[in-house]
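Next comes my_file17.cif, with mmCIF, C-alpha atoms.
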```cif
data_my_file
loop_
_atom_site.group_PDB
_atom_site.id
_atom_site.type_symbol
_atom_site.label_atom_id
_atom_site.label_comp_id
_atom_site.auth_asym_id
_atom_site.auth_seq_id
_atom_site.Cartn_x
_atom_site.Cartn_y
_atom_site.Cartn_z
ATOM 1 C CA MET A 1 32.318 -6.746 8.691
ATOM 2 C CA LYS A 2 29.696 -8.940 7.110
ATOM 3 C CA LYS A 3 27.005 -7.072 5.222
ATOM 4 C CA LYS A 4 23.738 -7.123 7.113
ATOM 5 C CA GLN A 5 20.838 -8.812 5.453
ATOM 6 C CA VAL A 6 17.604 -6.865 5.752
ATOM 7 C CA LEU A 7 14.264 -8.358 4.788
ATOM 8 C CA VAL A 8 11.515 -6.000 3.708
ATOM 9 C CA ALA A 9 8.179 -7.764 3.698
ATOM 10 C CA CYS A 10 4.520 -7.199 3.029
ATOM 11 C CA GLY A 11 1.561 -9.445 2.287
ATOM 12 C CA ALA A 12 1.868 -9.690 -1.474
ATOM 13 C CA GLY A 13 5.475 -8.596 -1.850
ATOM 14 C CA ILE A 14 4.493 -6.120 -4.550
ATOM 15 C CA ALA A 15 3.195 -2.854 -3.201
ATOM 16 C CA THR A 16 4.022 -1.622 0.239
ATOM 17 C CA SER A 17 7.290 -3.535 0.441
ATOM 18 C CA THR A 18 8.374 -1.737 -2.742
ATOM 19 C CA ILE A 19 7.935 1.603 -1.005
ATOM 20 C CA VAL A 20 9.651 0.473 2.158
ATOM 21 C CA ASN A 21 12.446 -1.204 0.210
ATOM 22 C CA ASP A 22 13.297 2.061 -1.513
ATOM 23 C CA ALA A 23 13.017 4.086 1.675
ATOM 24 C CA VAL A 24 15.298 1.724 3.592
ATOM 25 C CA GLN A 25 17.817 1.798 0.764
ATOM 26 C CA GLN A 26 17.833 5.585 0.928
ATOM 27 C CA LEU A 27 18.165 5.535 4.687
ATOM 28 C CA CYS A 28 21.156 3.195 4.541
ATOM 29 C CA LYS A 29 22.808 5.284 1.866
ATOM 30 C CA GLU A 30 22.409 8.450 3.905
ATOM 31 C CA HIS A 31 24.063 6.770 6.861
ATOM 32 C CA ASN A 32 26.701 4.894 4.895
ATOM 33 C CA ILE A 33 25.408 1.543 5.975
ATOM 34 C CA GLU A 34 26.106 -1.283 3.584
ATOM 35 C CA CYS A 35 23.455 -3.924 3.617
ATOM 36 C CA GLU A 36 21.689 -6.380 1.420
ATOM 37 C CA ILE A 37 18.000 -5.572 1.224
ATOM 38 C CA ILE A 38 15.664 -8.311 0.068
ATOM 39 C CA GLN A 39 12.033 -7.617 -0.772
ATOM 40 C CA ILE A 40 9.769 -10.551 -0.020
ATOM 41 C CA LYS A 41 6.285 -11.723 0.863
ATOM 42 C CA ILE A 42 5.825 -12.214 4.580
ATOM 43 C CA THR A 43 5.288 -15.941 3.969
ATOM 44 C CA GLU A 44 8.831 -16.195 2.592
ATOM 45 C CA VAL A 45 10.599 -15.054 5.763
ATOM 46 C CA GLY A 46 11.192 -18.671 6.756
ATOM 47 C CA SER A 47 13.742 -19.149 3.978
ATOM 48 C CA TYR A 48 15.929 -16.412 5.467
ATOM 49 C CA VAL A 49 15.789 -17.344 9.128
ATOM 50 C CA ASP A 50 19.451 -18.366 9.191
ATOM 51 C CA THR A 51 20.834 -15.410 7.279
ATOM 52 C CA ALA A 52 18.724 -12.336 8.020
ATOM 53 C CA ASP A 53 19.676 -9.656 10.543
ATOM 54 C CA LEU A 54 16.496 -7.632 10.519
ATOM 55 C CA LEU A 55 12.901 -7.870 9.308
ATOM 56 C CA ILE A 56 11.025 -4.720 8.377
ATOM 57 C CA SER A 57 7.376 -5.452 7.682
ATOM 58 C CA THR A 58 4.209 -3.569 6.850
ATOM 59 C CA THR A 59 2.145 -6.547 7.836
ATOM 60 C CA ILE A 60 1.651 -8.406 11.057
ATOM 61 C CA VAL A 61 4.432 -10.779 12.015
ATOM 62 C CA GLN A 62 3.065 -13.628 14.077
ATOM 63 C CA GLN A 63 6.092 -15.834 14.393
ATOM 64 C CA GLU A 64 9.123 -15.353 16.579
ATOM 65 C CA TYR A 65 12.387 -14.845 14.750
ATOM 66 C CA PRO A 66 15.988 -14.741 15.921
ATOM 67 C CA PHE A 67 16.311 -11.159 14.613
ATOM 68 C CA PRO A 68 14.497 -7.909 15.402
ATOM 69 C CA VAL A 69 11.216 -7.115 13.671
ATOM 70 C CA ILE A 70 10.204 -3.523 12.927
ATOM 71 C CA ASN A 71 6.764 -2.347 11.821
ATOM 72 C CA ALA A 72 7.106 -0.167 8.727
ATOM 73 C CA ARG A 73 3.672 1.380 8.422
ATOM 74 C CA ALA A 74 5.186 4.777 9.212
ATOM 75 C CA PHE A 75 6.844 4.788 5.773
ATOM 76 C CA LEU A 76 3.348 4.851 4.279
ATOM 77 C CA THR A 77 1.561 7.221 6.613
ATOM 78 C CA GLY A 78 4.419 9.472 7.689
ATOM 79 C CA ILE A 79 3.140 9.142 11.250
ATOM 80 C CA GLY A 80 6.016 8.332 13.616
ATOM 81 C CA LEU A 81 8.485 8.044 10.757
ATOM 82 C CA ASP A 82 11.498 9.511 12.565
ATOM 83 C CA GLU A 83 11.167 7.020 15.402
ATOM 84 C CA VAL A 84 11.000 4.080 13.016
ATOM 85 C CA LYS A 85 14.045 5.298 11.089
ATOM 86 C CA LYS A 86 15.929 5.563 14.365
ATOM 87 C CA GLU A 87 14.877 2.064 15.319
ATOM 88 C CA ILE A 88 16.130 0.675 12.001
ATOM 89 C CA LEU A 89 19.471 2.448 12.280
ATOM 90 C CA GLU A 90 19.890 1.152 15.831
ATOM 91 C CA ALA A 91 19.194 -2.393 14.691
ATOM 92 C CA LEU A 92 21.728 -2.131 11.879
ATOM 93 C CA LYS A 93 24.487 -0.663 14.002
ATOM 94 C CA ASN A 94 25.084 -3.648 16.229
ATOM 95 C CA MET B 95 4.753 9.287 -17.092
ATOM 96 C CA ILE B 96 3.473 6.058 -15.692
ATOM 97 C CA ASP B 97 1.685 3.393 -17.635
ATOM 98 C CA LEU B 98 -1.328 2.638 -15.511
ATOM 99 C CA HIS B 99 -4.937 3.017 -16.447
ATOM 100 C CA PHE B 100 -7.086 5.511 -14.626
ATOM 101 C CA ASP B 101 -10.085 7.418 -15.877
ATOM 102 C CA GLU B 102 -13.373 8.850 -14.684
ATOM 103 C CA SER B 103 -15.163 5.540 -15.079
ATOM 104 C CA LEU B 104 -12.892 4.091 -12.383
ATOM 105 C CA ILE B 105 -13.931 6.713 -9.833
ATOM 106 C CA PHE B 106 -16.793 6.169 -7.407
ATOM 107 C CA CYS B 107 -18.146 9.178 -5.539
ATOM 108 C CA ASP B 108 -20.311 8.776 -2.470
ATOM 109 C CA LEU B 109 -20.153 5.016 -2.742
ATOM 110 C CA LYS B 110 -22.666 3.487 -0.367
ATOM 111 C CA ALA B 111 -21.569 0.216 1.168
ATOM 112 C CA LYS B 112 -22.371 -1.535 4.412
ATOM 113 C CA ASP B 113 -18.934 -2.984 4.921
ATOM 114 C CA GLN B 114 -15.456 -3.512 3.550
ATOM 115 C CA GLU B 115 -16.443 -6.602 1.608
ATOM 116 C CA GLU B 116 -19.181 -4.761 -0.249
ATOM 117 C CA VAL B 117 -16.773 -1.958 -1.184
ATOM 118 C CA LEU B 118 -14.267 -4.461 -2.556
ATOM 119 C CA LYS B 119 -16.967 -6.391 -4.417
ATOM 120 C CA VAL B 120 -18.334 -3.297 -6.146
ATOM 121 C CA MET B 121 -14.914 -1.933 -7.052
ATOM 122 C CA GLY B 122 -13.434 -5.297 -8.005
ATOM 123 C CA ASN B 123 -16.408 -6.284 -10.085
ATOM 124 C CA HIS B 124 -16.219 -3.006 -11.946
ATOM 125 C CA LEU B 125 -12.570 -3.626 -12.839
ATOM 126 C CA TYR B 126 -13.542 -7.125 -13.936
ATOM 127 C CA GLU B 127 -16.378 -5.882 -16.150
ATOM 128 C CA LYS B 128 -13.931 -3.533 -17.799
ATOM 129 C CA ASN B 129 -11.535 -6.432 -18.282
ATOM 130 C CA PHE B 130 -8.675 -4.969 -16.248
ATOM 131 C CA VAL B 131 -8.684 -7.984 -13.956
ATOM 132 C CA LYS B 132 -9.708 -11.626 -13.973
ATOM 133 C CA GLU B 133 -12.836 -12.686 -12.126
ATOM 134 C CA SER B 134 -10.640 -14.296 -9.472
ATOM 135 C CA PHE B 135 -9.340 -10.833 -8.536
ATOM 136 C CA ILE B 136 -12.537 -10.033 -6.622
ATOM 137 C CA ASP B 137 -12.310 -12.925 -4.170
ATOM 138 C CA ALA B 138 -8.552 -12.532 -4.002
ATOM 139 C CA ILE B 139 -8.690 -8.938 -2.739
ATOM 140 C CA ILE B 140 -11.478 -9.755 -0.279
ATOM 141 C CA GLU B 141 -9.512 -12.683 1.130
ATOM 142 C CA ARG B 142 -6.232 -10.859 1.177
ATOM 143 C CA GLU B 143 -7.720 -7.903 2.999
ATOM 144 C CA LYS B 144 -8.778 -10.299 5.756
ATOM 145 C CA THR B 145 -5.252 -11.679 6.175
ATOM 146 C CA PHE B 146 -3.231 -8.582 5.321
ATOM 147 C CA PRO B 147 -5.362 -5.506 5.994
ATOM 148 C CA THR B 148 -4.428 -2.300 4.160
ATOM 149 C CA GLY B 149 -6.205 0.411 6.156
ATOM 150 C CA LEU B 150 -3.965 3.393 6.865
ATOM 151 C CA PRO B 151 -4.776 6.188 9.298
ATOM 152 C CA THR B 152 -3.434 9.502 8.013
ATOM 153 C CA SER B 153 -2.429 12.727 9.677
ATOM 154 C CA SER B 154 -5.649 14.291 8.321
ATOM 155 C CA ASN B 155 -7.629 11.961 10.588
ATOM 156 C CA ILE B 156 -9.208 10.471 7.498
ATOM 157 C CA SER B 157 -8.232 6.886 6.863
ATOM 158 C CA VAL B 158 -7.463 5.411 3.477
ATOM 159 C CA ALA B 159 -7.077 1.833 2.281
ATOM 160 C CA ILE B 160 -5.018 0.411 -0.574
ATOM 161 C CA PRO B 161 -6.330 -3.085 -1.276
ATOM 162 C CA HIS B 162 -4.252 -5.064 -3.778
ATOM 163 C CA THR B 163 -3.348 -8.660 -4.490
ATOM 164 C CA ASP B 164 -1.140 -10.969 -6.528
ATOM 165 C CA SER B 165 -0.538 -9.991 -10.110
ATOM 166 C CA VAL B 166 -1.806 -13.337 -11.447
ATOM 167 C CA HIS B 167 -5.301 -11.876 -11.166
ATOM 168 C CA VAL B 168 -4.460 -8.751 -13.167
ATOM 169 C CA ASN B 169 -4.853 -8.323 -16.941
ATOM 170 C CA LYS B 170 -3.970 -4.695 -17.326
ATOM 171 C CA LYS B 171 -2.582 -2.358 -14.729
ATOM 172 C CA ALA B 172 -5.172 0.038 -13.363
ATOM 173 C CA ILE B 173 -6.179 1.957 -10.301
ATOM 174 C CA SER B 174 -9.703 2.577 -9.085
ATOM 175 C CA LEU B 175 -10.732 5.160 -6.523
ATOM 176 C CA ALA B 176 -13.772 5.201 -4.268
ATOM 177 C CA ILE B 177 -14.813 7.901 -1.897
ATOM 178 C CA LEU B 178 -17.281 6.321 0.491
ATOM 179 C CA LYS B 179 -20.494 8.014 1.543
ATOM 180 C CA ASP B 180 -20.042 6.663 5.027
ATOM 181 C CA ALA B 181 -16.750 5.307 6.277
ATOM 182 C CA VAL B 182 -16.494 1.531 6.653
ATOM 183 C CA GLU B 183 -14.058 -0.303 8.883
ATOM 184 C CA PHE B 184 -10.859 -1.766 7.515
ATOM 185 C CA GLY B 185 -8.175 -3.493 9.507
ATOM 186 C CA ILE B 186 -5.072 -1.356 10.052
ATOM 187 C CA MET B 187 -2.035 -2.503 8.125
ATOM 188 C CA GLY B 188 0.388 -4.389 10.331
ATOM 189 C CA GLU B 189 -2.036 -4.704 13.241
ATOM 190 C CA GLN B 190 -3.692 -7.818 14.507
ATOM 191 C CA GLU B 191 -7.093 -6.536 15.579
ATOM 192 C CA ALA B 192 -7.149 -2.747 15.288
ATOM 193 C CA LYS B 193 -9.571 -1.235 12.794
ATOM 194 C CA THR B 194 -9.961 2.201 11.292
ATOM 195 C CA PRO B 195 -12.949 3.874 9.595
ATOM 196 C CA VAL B 196 -11.886 4.240 5.954
ATOM 197 C CA LYS B 197 -13.297 6.967 3.755
ATOM 198 C CA ILE B 198 -11.067 6.730 0.675
ATOM 199 C CA VAL B 199 -10.154 3.500 -1.115
ATOM 200 C CA PHE B 200 -7.511 3.158 -3.803
ATOM 201 C CA LEU B 201 -7.875 -0.287 -5.326
ATOM 202 C CA LEU B 202 -4.646 -1.284 -7.052
ATOM 203 C CA ALA B 203 -4.465 -3.748 -9.924
ATOM 204 C CA ILE B 204 -0.707 -3.919 -10.351
ATOM 205 C CA ASP B 205 2.100 -6.366 -10.931
ATOM 206 C CA LYS B 206 5.560 -6.680 -9.505
ATOM 207 C CA GLN B 207 7.691 -4.215 -11.340
ATOM 208 C CA ASN B 208 9.934 -1.434 -10.298
ATOM 209 C CA SER B 209 7.914 0.967 -12.413
ATOM 210 C CA HIS B 210 5.394 0.964 -9.589
ATOM 211 C CA LEU B 211 7.707 2.485 -7.142
ATOM 212 C CA LYS B 212 7.032 5.973 -8.445
ATOM 213 C CA ILE B 213 3.305 5.614 -8.479
ATOM 214 C CA LEU B 214 3.211 4.084 -5.023
ATOM 215 C CA GLN B 215 5.424 6.815 -3.667
ATOM 216 C CA LYS B 216 3.143 9.418 -5.172
ATOM 217 C CA LEU B 217 0.141 7.651 -3.724
ATOM 218 C CA ILE B 218 1.761 7.775 -0.311
ATOM 219 C CA SER B 219 2.456 11.452 -0.723
ATOM 220 C CA ILE B 220 -1.282 11.955 -1.319
ATOM 221 C CA PHE B 221 -1.978 10.257 2.007
ATOM 222 C CA GLN B 222 0.397 12.657 3.687
ATOM 223 C CA ASN B 223 -1.079 15.723 2.013
ATOM 224 C CA GLU B 224 -3.993 17.009 4.066
ATOM 225 C CA ASP B 225 -5.170 19.359 1.316
ATOM 226 C CA VAL B 226 -5.536 16.575 -1.233
ATOM 227 C CA ILE B 227 -7.220 14.255 1.255
ATOM 228 C CA LYS B 228 -9.707 16.996 2.149
ATOM 229 C CA PHE B 229 -10.284 17.730 -1.512
ATOM 230 C CA LEU B 230 -11.059 14.082 -2.216
ATOM 231 C CA THR B 231 -13.546 13.818 0.629
ATOM 232 C CA THR B 232 -15.441 16.974 -0.337
ATOM 233 C CA GLU B 233 -15.266 17.203 -4.138
ATOM 234 C CA LYS B 234 -18.147 15.579 -6.052
ATOM 235 C CA ASN B 235 -17.088 16.377 -9.599
ATOM 236 C CA LYS B 236 -15.386 13.308 -11.073
ATOM 237 C CA THR B 237 -13.598 15.270 -13.777
ATOM 238 C CA LEU B 238 -11.961 17.459 -11.172
ATOM 239 C CA ILE B 239 -11.090 14.436 -9.066
ATOM 240 C CA LYS B 240 -9.596 12.693 -12.077
ATOM 241 C CA THR B 241 -7.518 15.741 -12.989
ATOM 242 C CA LYS B 242 -6.248 16.036 -9.448
ATOM 243 C CA ILE B 243 -5.276 12.364 -9.231
ATOM 244 C CA ILE B 244 -3.586 12.393 -12.625
ATOM 245 C CA GLU B 245 -1.615 15.421 -11.551
ATOM 246 C CA CYS B 246 -0.695 13.944 -8.168
ATOM 247 C CA LEU B 247 0.300 10.571 -9.583
ATOM 248 C CA ASP B 248 1.859 11.911 -12.772
ATOM 249 C CA LEU B 249 -0.275 9.604 -14.900
ATOM 250 C CA LYS B 250 -0.941 9.733 -18.594
ATOM 251 C CA GLU B 251 -4.171 11.456 -19.550
ATOM 252 C CA MET B 252 -6.632 8.879 -20.880
ATOM 253 C CA ASN B 253 -9.924 9.148 -22.652
#
```

Could I get this file's structure written as structure tokens?
Amino acid sequence: MKKKQVLVACGAGIATSTIVNDAVQQLCKEHNIECEIIQIKITEVGSYVDTADLLISTTIVQQEYPFPVINARAFLTGIGLDEVKKEILEALKN
Amino acid sequence: MIDLHFDESLIFCDLKAKDQEEVLKVMGNHLYEKNFVKESFIDAIIEREKTFPTGLPTSSNISVAIPHTDSVHVNKKAISLAILKDAVEFGIMGEQEAKTPVKIVFLLAIDKQNSHLKILQKLISIFQNEDVIKFLTTEKNKTLIKTKIIECLDLKEMN
């Protein structure tokens, strides 16, 4: 099976995406999911439209993309974290 | 230990500000005067906060914000903390319109490096720790606040 490509994005690509990047890596490891995680600025998503399987973002995503988009604020606040983890795992299973 | 500057002079207690922009101006200007950031940092964080808000509601019902911007505006990595006298509204991260009344602001002057992961993770664990959040909103002694933050973030003691 082809490795899934997961984009982790925030506004500047330096702070919150770093946190989420690490958390998603951990999550995938725990569930034995192999994927390629790429940390980017939200403005860079366009370059990955053809290859990405999932976008996890701490910032608002205004465009439509051909892959699911998950809001990652829960990784920062802890509020609703289990649900978001479940959502990510679901998206990576298919 | 993490190489990031933080000391008492970067803490504001009971900061009075009418809105988000004033908070960012005061904090940003202070970092600029101390040469941690370039002058352009101030406008950059104000603008970025408009496009990519950083307000975060916490489980303590006290909201925090973590404004930050591109590293081109940063001279030397530092973090500044303000506890606001009265909460001011910040946009909620990842939301289009929703706002939250923010009481605690951590202004980050950082660059893109993996070394930040630890500090950011520790920062997040502060947001999820109701005791620390309560402490920050009630304590007025900057030395005690500094000690607490240094302990929570595992920073180097600075003088």

inquiry  = Please list as a ChimeraX atom specification every residue within 6 Å of range 141-155 of chain B, counting all atoms listed in the file and excluding residues in the same chain fewer than 6 positions away.
reply    = /A:11,77 /B:161,184-187,224

Prev. selection, C-alpha atoms, output as a PDB file, in the frame of the given file:
```
ATOM      1  CA  GLY A  11       1.561  -9.445   2.287  1.00  0.00           C
ATOM      2  CA  THR A  77       1.561   7.221   6.613  1.00  0.00           C
TER       3      THR A  77
ATOM      4  CA  PRO B 161      -6.330  -3.085  -1.276  1.00  0.00           C
ATOM      5  CA  PHE B 184     -10.859  -1.766   7.515  1.00  0.00           C
ATOM      6  CA  GLY B 185      -8.175  -3.493   9.507  1.00  0.00           C
ATOM      7  CA  ILE B 186      -5.072  -1.356  10.052  1.00  0.00           C
ATOM      8  CA  MET B 187      -2.035  -2.503   8.125  1.00  0.00           C
ATOM      9  CA  GLU B 224      -3.993  17.009   4.066  1.00  0.00           C
TER      10      GLU B 224
END
```

Return as JSON lines the residues of chain A lying at most 12 Å from chain B, together with the closest atom-to-atom pair for each and the distance in Å to one decimal, counting only C-alpha atoms, with rows in chain order and ascending residue number.
```
{"residue": "A:Ala9", "atom": "CA", "partner": "B:Gly188", "partner_atom": "CA", "distance": 10.8}
{"residue": "A:Cys10", "atom": "CA", "partner": "B:Phe146", "partner_atom": "CA", "distance": 8.2}
{"residue": "A:Gly11", "atom": "CA", "partner": "B:Phe146", "partner_atom": "CA", "distance": 5.7}
{"residue": "A:Ala12", "atom": "CA", "partner": "B:Asp164", "partner_atom": "CA", "distance": 6.0}
{"residue": "A:Gly13", "atom": "CA", "partner": "B:Lys206", "partner_atom": "CA", "distance": 7.9}
{"residue": "A:Ile14", "atom": "CA", "partner": "B:Lys206", "partner_atom": "CA", "distance": 5.1}
{"residue": "A:Ala15", "atom": "CA", "partner": "B:Leu214", "partner_atom": "CA", "distance": 7.2}
{"residue": "A:Thr16", "atom": "CA", "partner": "B:Leu214", "partner_atom": "CA", "distance": 7.8}
{"residue": "A:Ser17", "atom": "CA", "partner": "B:Leu211", "partner_atom": "CA", "distance": 9.7}
{"residue": "A:Thr18", "atom": "CA", "partner": "B:Leu211", "partner_atom": "CA", "distance": 6.1}
{"residue": "A:Ile19", "atom": "CA", "partner": "B:Leu211", "partner_atom": "CA", "distance": 6.2}
{"residue": "A:Val20", "atom": "CA", "partner": "B:Gln215", "partner_atom": "CA", "distance": 9.6}
{"residue": "A:Asn21", "atom": "CA", "partner": "B:Leu211", "partner_atom": "CA", "distance": 9.5}
{"residue": "A:Asp22", "atom": "CA", "partner": "B:Leu211", "partner_atom": "CA", "distance": 7.9}
{"residue": "A:Ala23", "atom": "CA", "partner": "B:Gln215", "partner_atom": "CA", "distance": 9.7}
{"residue": "A:Gln39", "atom": "CA", "partner": "B:Lys206", "partner_atom": "CA", "distance": 10.9}
{"residue": "A:Ile40", "atom": "CA", "partner": "B:Lys206", "partner_atom": "CA", "distance": 11.1}
{"residue": "A:Lys41", "atom": "CA", "partner": "B:Asp164", "partner_atom": "CA", "distance": 10.5}
{"residue": "A:Ile42", "atom": "CA", "partner": "B:Phe146", "partner_atom": "CA", "distance": 9.8}
{"residue": "A:Thr43", "atom": "CA", "partner": "B:Phe146", "partner_atom": "CA", "distance": 11.3}
{"residue": "A:Ile56", "atom": "CA", "partner": "B:Gly188", "partner_atom": "CA", "distance": 10.8}
{"residue": "A:Ser57", "atom": "CA", "partner": "B:Gly188", "partner_atom": "CA", "distance": 7.5}
{"residue": "A:Thr58", "atom": "CA", "partner": "B:Gly188", "partner_atom": "CA", "distance": 5.2}
{"residue": "A:Thr59", "atom": "CA", "partner": "B:Gly188", "partner_atom": "CA", "distance": 3.7}
{"residue": "A:Ile60", "atom": "CA", "partner": "B:Gly188", "partner_atom": "CA", "distance": 4.3}
{"residue": "A:Val61", "atom": "CA", "partner": "B:Gly188", "partner_atom": "CA", "distance": 7.7}
{"residue": "A:Gln62", "atom": "CA", "partner": "B:Gln190", "partner_atom": "CA", "distance": 8.9}
{"residue": "A:Val69", "atom": "CA", "partner": "B:Gly188", "partner_atom": "CA", "distance": 11.7}
{"residue": "A:Ile70", "atom": "CA", "partner": "B:Gly188", "partner_atom": "CA", "distance": 10.2}
{"residue": "A:Asn71", "atom": "CA", "partner": "B:Gly188", "partner_atom": "CA", "distance": 6.9}
{"residue": "A:Ala72", "atom": "CA", "partner": "B:Gly188", "partner_atom": "CA", "distance": 8.1}
{"residue": "A:Arg73", "atom": "CA", "partner": "B:Gly188", "partner_atom": "CA", "distance": 6.9}
{"residue": "A:Ala74", "atom": "CA", "partner": "B:Leu150", "partner_atom": "CA", "distance": 9.5}
{"residue": "A:Phe75", "atom": "CA", "partner": "B:Ile218", "partner_atom": "CA", "distance": 8.5}
{"residue": "A:Leu76", "atom": "CA", "partner": "B:Ile218", "partner_atom": "CA", "distance": 5.7}
{"residue": "A:Thr77", "atom": "CA", "partner": "B:Thr152", "partner_atom": "CA", "distance": 5.7}
{"residue": "A:Gly78", "atom": "CA", "partner": "B:Gln222", "partner_atom": "CA", "distance": 6.5}
{"residue": "A:Ile79", "atom": "CA", "partner": "B:Ser153", "partner_atom": "CA", "distance": 6.8}
{"residue": "A:Gly80", "atom": "CA", "partner": "B:Ser153", "partner_atom": "CA", "distance": 10.3}
{"residue": "A:Leu81", "atom": "CA", "partner": "B:Gln222", "partner_atom": "CA", "distance": 11.7}
```

ask   = Which one is closest to Lys4 in chain A: A:Val49, A:Cys28, A:Leu92, A:Ile38? Count all atoms listed in the file.
value =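 Looking only at the distances to Lys4 in chain A, the closest residue turns out to be A:Leu92.
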
query = So which residues touch Pro68 in chain A within 9 Å, counting only C-alpha atoms, skipping near sequence neighbours fewer than 6 positions away, as an NGL selection string?
reply = :A and (53-56 or 91)

request  = Taking the file as shown, find all residues satisfying the PyMOL selection byres ((chain A and resi 35) around 10) and write them as a PyMOL selection string.
outcome  = chain A and resi 2-6+24-25+28-29+32-34+36-38+53+92

inquiry  = Taking the file as I've supplied it (selection: the PyMOL selection byres ((chain B and resi 176) around 7)), which residues are included? Please answer as a PyMOL selection string.
reply    = chain B and resi 105-107+109+174-175+177-178+198-200

Reference answer for the PyMOL selection byres ((chain B and resi 115) around 10), as a PDB file with C-alpha atoms, keeping the file's coordinate frame:
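Final output, part.pdb:
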```
ATOM      1  CA  ALA B 111     -21.569   0.216   1.168  1.00  0.00           C
ATOM      2  CA  LYS B 112     -22.371  -1.535   4.412  1.00  0.00           C
ATOM      3  CA  ASP B 113     -18.934  -2.984   4.921  1.00  0.00           C
ATOM      4  CA  GLN B 114     -15.456  -3.512   3.550  1.00  0.00           C
ATOM      5  CA  GLU B 116     -19.181  -4.761  -0.249  1.00  0.00           C
ATOM      6  CA  VAL B 117     -16.773  -1.958  -1.184  1.00  0.00           C
ATOM      7  CA  LEU B 118     -14.267  -4.461  -2.556  1.00  0.00           C
ATOM      8  CA  LYS B 119     -16.967  -6.391  -4.417  1.00  0.00           C
ATOM      9  CA  VAL B 120     -18.334  -3.297  -6.146  1.00  0.00           C
ATOM     10  CA  MET B 121     -14.914  -1.933  -7.052  1.00  0.00           C
ATOM     11  CA  ILE B 136     -12.537 -10.033  -6.622  1.00  0.00           C
ATOM     12  CA  ASP B 137     -12.310 -12.925  -4.170  1.00  0.00           C
ATOM     13  CA  ILE B 139      -8.690  -8.938  -2.739  1.00  0.00           C
ATOM     14  CA  ILE B 140     -11.478  -9.755  -0.279  1.00  0.00           C
ATOM     15  CA  GLU B 141      -9.512 -12.683   1.130  1.00  0.00           C
ATOM     16  CA  GLU B 143      -7.720  -7.903   2.999  1.00  0.00           C
ATOM     17  CA  LYS B 144      -8.778 -10.299   5.756  1.00  0.00           C
ATOM     18  CA  VAL B 182     -16.494   1.531   6.653  1.00  0.00           C
ATOM     19  CA  GLU B 183     -14.058  -0.303   8.883  1.00  0.00           C
ATOM     20  CA  PHE B 184     -10.859  -1.766   7.515  1.00  0.00           C
TER      21      PHE B 184
END
```

ask   = Between B:Ile156, B:His124, B:Phe135, B:Lys110, which is the closest to Lys197 in chain B once you count all atoms listed in the file?
value =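 Comparing B:Ile156, B:His124, B:Phe135, B:Lys110 against Lys197 in chain B, the winner is B:Ile156.
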
Two-atom distance - CA of Cys246 in chain B, CA of Lys216 in chain B (Å) =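 Separation between CA of Cys246 in chain B and CA of Lys216 in chain B: 6.6 Å.
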
inquiry  = Just to confirm, what's the straight-line distance from CA of Ser47 in chain A to CA of His31 in chain A in Å (one decimal)?
reply    = 28.0 Å

inquiry  = For a test of reading the model, state the distance in Å between CA of Leu201 in chain B and CA of Leu7 in chain A, rounded to one decimal.
reply    =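 The value is 25.6 Å.
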
Asn129 in chain B surroundings by all atoms listed in the file, 12 Å radius, close-in-sequence under 4 positions cut, as a ChimeraX atom specification = /B:99,122-125,133-135,167-172,203

request  = For each of B:Phe130, B:Glu102, B:Asp97, B:Lys250, take the minimum atom-to-atom distance to Lys234 in chain B, counting only C-alpha atoms, then give the residue where this is smallest.
outcome  =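 Answer, going by the shortest atom-to-atom distance: B:Glu102.
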